[in-house]
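Notes for the one structure printed next.
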Amino acid sequence: MQEFIKHLLYSNLGSDRNNAAMLVYRVLLSIELFLVHGMKKFRVVNGIKNHEPNPLHLPESLNGLVATFADTVVPCLLMLGIGTRIFILPTLGVTAIGYFVVHRKDPIEVRDVPYMYTISLLLLLVLGPGAYSVDNCFFYNLFK
């Protein structure tokens with residue numbers, strides 16, 4: 001169990017340069033996701049709130065909650081590197097469903113945004129947040 005937790009939370013990419021690059025990548029990706037998609041959840045235009053697609057036919061409140069969590073809370077956690085590999089999953093699910101379900105028949109110019117987010121989040125899932133993260137700082141001494 002301890003090895004599983006270590007693999008989930010501990011991430012060191014080998015050199016300071018790699019870890020710094022992952023920090024910059026993680027922060028810039030999170031800022032973009034939050035500003036473009038997260039802030040959209042709170043905008044009201046002409047008295048109408050933004051409507052989220054619901055391709056899985058979930059209850060509207062659950063669908064809205066998942067989409068809002070994935071685009072607002074998760075980017076904040078990713079910037080800090082808190083539970084990165086765990087908390088990235090809802091956002092990865094939202095972007096992958098956007099690509100494979102919502103935009104599957106759209107032209108490539110429309111599909112490229114969810115595609116790029118999905119690929120970017122997959123990279124972060126596989127590599128982890130790097131050594132410059134709250135997870136790494138907090139759990140470093142536990143797994144020495």
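Labeling convention for the structure tokens: chains A, B, ... as they appear, residues from 1 per chain, ligands from 1 in order of appearance.
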Would you list the contacts of A:Gly38 as a list of chain:residue names, taking every protein, DNA or RNA residue within 6 Å and counting only C-alpha atoms, but skipping same-chain residues closer than 4 positions in sequence? A:Phe34, A:Asp71, A:Thr72
Do you know which residues are at most 9 Å from A:Ile88 counting only C-alpha atoms, after dropping those on the same chain fewer than 6 positions away, and could you put them as a PyMOL selection string? chain A and resi 70+74-75+77-78+121-122+124-125
Calculated over only C-alpha atoms, which of the candidates A:Ile5, A:Thr118, A:Ala96, A:Val102 has the smallest distance to A:Glu52? A:Val102
Hey, what does DSSP flag as helix (DSSP H, G or I) within chain A? Can you give it to me as a PyMOL selection string? chain A and resi 2-9+16-42+60-80+84-102+108-127+134-139
Report the distance between atom CA of A:Ser30 and atom CA of A:Gly128 in Å, rounded to one decimal place. 14.0 Å
What's the 12 Å shell around stretch 53-66 of chain A, counting only C-alpha atoms, without same-chain residues fewer than 2 positions away, as a ChimeraX atom specification? /A:38,41-42,49-51,68-74,87,89-104
Hey, can you spit out that residue selection with C-alpha atoms as a short mmCIF file (atom, residue, chain, number, x, y, z; two decimals), in the first residue's frame?
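Written output follows (selection.cif):
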data_model
loop_
_atom_site.label_atom_id
_atom_site.label_comp_id
_atom_site.auth_asym_id
_atom_site.auth_seq_id
_atom_site.Cartn_x
_atom_site.Cartn_y
_atom_site.Cartn_z
CA GLY A 38 -13.41 27.79 -15.25
CA LYS A 41 -18.90 28.78 -15.40
CA PHE A 42 -19.59 31.97 -13.43
CA LYS A 49 -25.85 31.22 -17.40
CA ASN A 50 -23.48 29.17 -19.55
CA HIS A 51 -24.97 25.77 -20.45
CA THR A 68 -17.38 23.22 -12.41
CA PHE A 69 -15.10 21.17 -10.14
CA ALA A 70 -13.00 20.01 -13.10
CA ASP A 71 -12.53 23.52 -14.49
CA THR A 72 -12.22 25.60 -11.31
CA VAL A 73 -11.04 23.59 -8.29
CA VAL A 74 -8.79 21.11 -10.09
CA PHE A 87 -7.47 15.21 -9.00
CA LEU A 89 -8.91 12.47 -13.43
CA PRO A 90 -12.21 14.45 -13.45
CA THR A 91 -10.73 17.11 -15.72
CA LEU A 92 -9.22 14.48 -17.97
CA GLY A 93 -12.63 12.80 -18.15
CA VAL A 94 -14.36 16.07 -19.06
CA THR A 95 -11.85 16.89 -21.81
CA ALA A 96 -11.81 13.34 -23.21
CA ILE A 97 -15.63 13.24 -23.31
CA GLY A 98 -15.55 16.64 -24.99
CA TYR A 99 -13.25 15.26 -27.66
CA PHE A 100 -14.67 11.77 -28.19
CA VAL A 101 -18.38 12.43 -27.60
CA VAL A 102 -19.39 16.09 -27.74
CA HIS A 103 -17.18 17.13 -30.69
CA ARG A 104 -16.79 13.79 -32.47
#
